[in-house]
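The file final08.cif contains mmCIF, C-alpha atoms:
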data_protein
#
loop_
_atom_site.label_atom_id
_atom_site.label_comp_id
_atom_site.auth_asym_id
_atom_site.auth_seq_id
_atom_site.Cartn_x
_atom_site.Cartn_y
_atom_site.Cartn_z
CA GLN A 9 40.85 17.32 -24.54
CA PRO A 10 44.10 19.33 -24.92
CA SER A 11 44.58 21.64 -27.85
CA LEU A 12 46.90 20.55 -30.66
CA LEU A 13 49.02 23.71 -30.48
CA PRO A 14 50.13 25.50 -27.32
CA THR A 15 48.88 29.03 -26.69
CA LEU A 16 51.31 31.90 -27.12
CA MET A 17 50.28 33.47 -23.82
CA PRO A 18 49.34 31.50 -20.67
CA SER A 19 45.99 32.22 -19.05
CA SER A 20 45.84 34.51 -16.02
CA ALA A 21 44.15 31.90 -13.79
CA PRO A 22 45.03 28.26 -13.07
CA SER A 23 42.89 25.53 -14.57
CA LEU A 24 40.42 23.84 -12.23
CA GLU A 25 41.62 20.36 -13.18
CA PRO A 26 45.27 19.26 -13.50
CA SER A 27 46.68 18.36 -16.90
CA LYS A 28 46.62 14.68 -17.86
CA ALA A 29 50.37 14.81 -18.57
CA PRO A 30 53.05 17.24 -17.35
CA SER A 31 54.25 19.93 -19.73
CA ASP A 32 57.59 19.48 -21.50
CA TYR A 33 59.02 22.73 -20.15
CA PRO A 34 58.55 24.66 -16.90
CA THR A 35 56.82 28.03 -17.05
CA THR A 36 59.06 31.06 -17.19
CA GLN A 37 57.09 32.86 -14.49
CA PRO A 38 55.36 31.04 -11.60
CA PHE A 39 51.69 31.78 -11.00
CA GLN A 40 51.03 34.33 -8.24
CA ALA A 41 48.25 32.40 -6.43
CA PRO A 42 48.60 28.93 -4.89
CA SER A 43 47.10 25.91 -6.59
CA MET A 44 43.78 24.53 -5.31
CA GLU A 45 45.25 21.12 -4.37
CA PRO A 46 48.73 20.10 -3.20
CA SER A 47 51.21 18.58 -5.64
CA LYS A 48 51.28 14.80 -5.94
CA ALA A 49 55.08 14.82 -5.48
CA PRO A 50 57.32 17.27 -3.58
CA SER A 51 59.45 19.81 -5.44
CA ASP A 52 63.14 19.11 -5.95
CA GLU A 53 64.11 22.57 -4.70
CA PRO A 54 62.36 24.95 -2.29
CA THR A 55 60.86 28.06 -3.85
CA ASN A 56 62.38 31.47 -3.20
CA ARG A 57 58.92 33.03 -3.66
CA PRO A 58 56.42 31.08 -1.50
CA THR A 59 52.72 31.76 -1.87
CA LYS A 60 50.11 32.02 0.86
CA SER A 61 48.11 28.80 1.26
CA ILE A 62 44.33 28.84 0.77
CA LYS A 63 43.97 25.69 2.88
CA PRO A 64 45.48 25.29 6.35
CA SER A 65 48.13 22.59 6.73
CA PRO A 66 47.02 19.38 8.46
CA SER A 67 49.94 19.86 10.87
CA PRO A 68 51.89 22.96 11.89
CA SER A 69 55.19 23.74 10.20
CA ALA A 70 58.41 23.75 12.17
CA ALA A 71 59.64 27.19 13.19
CA PRO A 72 62.28 28.59 10.82
CA ILE A 73 65.80 28.12 12.08
CA ALA A 74 68.42 30.81 11.56
CA PRO A 75 71.92 29.63 10.62
CA THR A 76 74.48 29.56 13.40
CA ALA A 77 77.11 32.31 13.50
CA THR A 78 79.96 29.80 13.60
CA PRO A 79 80.02 26.21 12.33
CA THR A 80 79.46 23.50 14.91
CA ALA A 81 81.99 20.76 15.50
CA ALA A 82 81.45 17.53 13.62
CA THR A 83 79.53 14.92 15.57
CA PRO A 84 81.09 11.46 15.54
CA ALA A 85 79.01 8.75 13.91
CA PRO A 86 77.01 6.75 16.44
CA THR A 87 78.08 3.19 17.07
CA THR A 88 75.45 0.53 16.84
CA PRO A 89 75.48 -2.72 18.77
CA ALA A 90 76.02 -5.99 16.95
CA PRO A 91 72.78 -7.54 15.67
CA SER A 92 71.04 -9.93 18.01
CA GLY A 93 70.15 -13.47 17.02
CA SER A 94 66.42 -12.76 16.68
CA PRO A 95 64.84 -10.19 14.35
CA THR A 96 63.23 -7.08 15.80
CA LEU A 97 59.54 -6.87 15.01
CA THR A 98 58.25 -3.40 14.33
CA CYS A 99 54.88 -2.06 15.19
CA SER A 100 53.07 -0.19 12.43
CA ASP A 101 49.61 1.03 11.50
CA SER A 102 47.86 -1.05 8.87
CA ALA A 103 47.80 0.44 5.38
CA LEU A 104 44.71 -1.65 4.54
CA ARG A 105 41.20 -0.24 4.12
CA LEU A 106 39.38 -1.05 7.37
CA LYS A 107 35.68 -1.91 7.59
CA ILE A 108 34.92 -0.53 11.05
CA PRO A 109 31.66 -1.77 12.63
CA THR A 110 29.18 0.97 13.52
CA VAL A 111 26.54 0.94 16.23
CA GLY A 112 23.18 2.65 15.73
CA LYS A 113 24.06 3.83 12.22
CA PRO A 114 22.26 3.08 8.92
CA LYS A 115 25.27 1.15 7.55
CA PRO A 116 26.78 -1.73 9.55
CA TYR A 117 30.34 -0.69 8.59
CA VAL A 118 32.25 2.48 7.71
CA SER A 119 35.32 2.07 5.46
CA ARG A 120 38.36 4.04 6.60
CA TYR A 121 42.17 3.95 6.85
CA CYS A 122 44.32 4.49 9.95
CA THR A 123 45.11 7.97 8.61
CA TRP A 124 41.43 8.84 9.22
CA VAL A 125 41.76 7.68 12.83
CA ALA A 126 44.77 9.99 13.26
CA THR A 127 43.19 13.13 11.74
CA LYS A 128 40.80 14.12 14.55
CA ASP A 129 39.05 12.73 17.61
CA THR A 130 41.74 10.04 17.67
CA LYS A 131 41.10 8.99 21.27
CA ASN A 132 37.43 8.15 20.56
CA ARG A 133 38.14 6.65 17.14
CA CYS A 134 40.71 4.31 18.73
CA LYS A 135 37.89 3.01 20.97
CA LEU A 136 35.89 1.82 17.94
CA PRO A 137 35.86 -2.00 17.64
CA GLY A 138 39.17 -3.31 16.27
CA VAL A 139 40.71 0.11 15.55
CA SER A 140 43.30 0.11 18.35
CA ALA A 141 44.70 -3.25 17.23
CA SER A 142 44.64 -2.22 13.54
CA CYS A 143 46.26 1.19 14.12
CA PRO A 144 48.66 0.52 17.03
CA ILE A 145 50.99 3.47 16.34
CA THR A 146 48.14 6.00 16.10
CA CYS A 147 46.34 4.49 19.10
CA GLU A 148 49.56 3.98 21.10
CA SER A 149 48.77 0.29 21.61
CA CYS A 150 51.99 -1.33 20.32
CA PRO A 151 52.77 -3.04 23.65
CA THR A 152 49.45 -4.90 23.44
CA CYS A 153 49.80 -7.91 21.14
CA GLU A 154 46.30 -8.61 19.91
CA ASP A 155 44.29 -9.11 16.74
CA PRO A 156 41.51 -6.70 15.77
CA GLU A 157 38.26 -8.19 17.04
CA ASP A 158 36.35 -10.34 14.54
CA ALA A 159 33.76 -7.61 13.88
CA MET A 160 36.58 -5.58 12.23
CA ARG A 161 37.05 -6.53 8.61
CA PHE A 162 39.75 -5.35 6.21
CA LYS A 163 40.27 -5.32 2.45
CA PHE A 164 43.35 -6.94 0.89
CA LEU A 165 44.56 -8.69 -2.26
CA TYR A 166 44.63 -12.50 -1.92
CA ASN A 167 45.25 -14.98 -4.75
CA GLY A 168 44.74 -12.20 -7.30
CA LYS A 169 41.39 -11.07 -5.87
CA GLU A 170 40.52 -8.16 -3.60
CA ILE A 171 38.68 -9.62 -0.62
CA VAL A 172 37.25 -8.36 2.69
CA ARG A 173 37.91 -10.64 5.66
CA ASN A 174 38.67 -10.68 9.40
CA CYS A 175 41.37 -12.27 11.59
CA ASP A 176 39.31 -15.43 12.01
CA PHE A 177 39.80 -16.04 8.25
CA ILE A 178 43.55 -15.34 8.50
CA GLY A 179 44.07 -18.01 11.19
CA ARG A 180 41.40 -20.53 10.18
CA ILE A 181 43.58 -22.95 8.13
CA THR A 182 46.97 -23.63 9.74
CA ASP A 183 48.97 -24.24 6.55
CA LYS A 184 47.60 -21.03 4.97
CA ILE A 185 48.32 -18.66 7.89
CA ALA A 186 51.75 -17.53 6.62
CA GLY A 187 50.43 -16.68 3.14
CA ARG A 188 47.34 -14.95 4.49
CA CYS A 189 49.43 -12.97 7.00
CA ALA A 190 51.74 -11.81 4.22
CA ALA A 191 48.79 -10.85 1.99
CA SER A 192 47.05 -8.94 4.81
CA GLU A 193 50.29 -7.20 5.86
CA ASP A 194 50.24 -8.85 9.32
CA ILE A 195 47.21 -6.81 10.45
CA CYS A 196 46.37 -9.75 12.75
CA ARG A 197 49.52 -9.22 14.83
CA ALA A 198 48.90 -12.01 17.38
CA THR A 199 47.84 -14.63 14.80
CA CYS A 200 50.73 -13.69 12.50
CA GLY A 201 53.32 -13.55 15.31
CA ALA A 202 54.11 -9.94 14.38
CA CYS A 203 54.45 -8.51 17.89
#
Show me the file's structure as structure tokens.
Amino acid sequence: QPSLLPTLMPSSAPSLEPSKAPSDYPTTQPFQAPSMEPSKAPSDEPTNRPTKSIKPSPSPSAAPIAPTATPTAATPAPTTPAPSGSPTLTCSDSALRLKIPTVGKPKPYVSRYCTWVATKDTKNRCKLPGVSASCPITCESCPTCEDPEDAMRFKFLYNGKEIVRNCDFIGRITDKIAGRCAASEDICRATCGAC
């Protein structure tokens, strides 16, 4: 519960939990230590006084680049070919929550996203049933046009309800395939004709 009146002097340490609503005005002096969690949205401007992170980045930063001594010549805009008659289908990882079947574990499924597959041990995680077809970018399986195997289930919103189904459900009723493919974000690439 926030206080009714603001304090005259800010505390010397950050709060452990973020505020429910942002403050009306920025602080006059940034805090010396980094926050415990990253911001939900990026800053508009880079800081001129960066802090040292207490958590390592999930990926390395690019090396700083020094400005060139003289400006480079302008690069002409690339020309693009005229569009072809057929649309280009893109390959993308599913944003849906996946119910990945487990073998020899207490629970029959583990619920994860493709981002989990990409974080570590990606090669082995891509070998889990249905993962390669569900996360084709991460698993480098875009050229293979296939549905996740039926043991793989996924959660999506359909007719106003959040349901967990597999590709067998998506393709079961011919006149409902298009709507089910749209609702499940074409996770069943072969059934939905999305590859």
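Contact shell of stretch 140-151 of chain A at 7 Å (all atoms listed in the file; same-chain neighbours under 2 positions omitted): Cys99, Ser100, Asp101, Ser102, Cys122, Ala126, Cys134, Lys135, Gly138, Cys153, Glu154, Asp155, Pro156 and Ile195 of chain A.
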Quiz prompt | stretch 106-109 of chain A surroundings by all atoms listed in the file, 8 Å radius, close-in-sequence under 2 positions cut, as a list in words | solution = Leu104, Val111, Pro116, Tyr117, Val118, Ser119, Arg120, Tyr121, Cys122, Leu136, Pro137, Gly138, Val139, Ala159, Met160, Arg161, Phe162 and Lys163 of chain A
Quiz item: atom CA of A:Glu157 and atom CA of A:Cys175, how far apart in Å?
Solution: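 Computed distance, atom CA of A:Cys175 to atom CA of A:Glu157, equals 7.5 Å.
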Quiz item: Expressed in Å to a single decimal, how great is the separation between atom CA of A:Glu170 and atom CA of A:Lys115?
Solution: 21.1 Å
Self-check item: Using all atoms listed in the file: which of A:Cys203, A:Cys196, A:Val125, A:Ala103 has the shortest distance to A:Gly179
Solution: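 The closest residue to A:Gly179 is A:Cys196.
The spacing separating atom CA of A:Gly201 from atom CA of A:Thr98 amounts to 11.3 Å.
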Self-check item: Residue among A:Arg105, A:Phe177, A:Phe164, A:Lys169 lying closest to A:Ser192, counting only C-alpha atoms
Solution: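 When distances to A:Ser192 are compared using only C-alpha atoms, the smallest one comes from A:Phe164.
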Exercise. Would you write out, as number ranges by chain, every residue that the PyMOL selection byres ((chain A and resi 185) around 12) captures in this file?
Key: A: 175-184, 186-194, 196-201
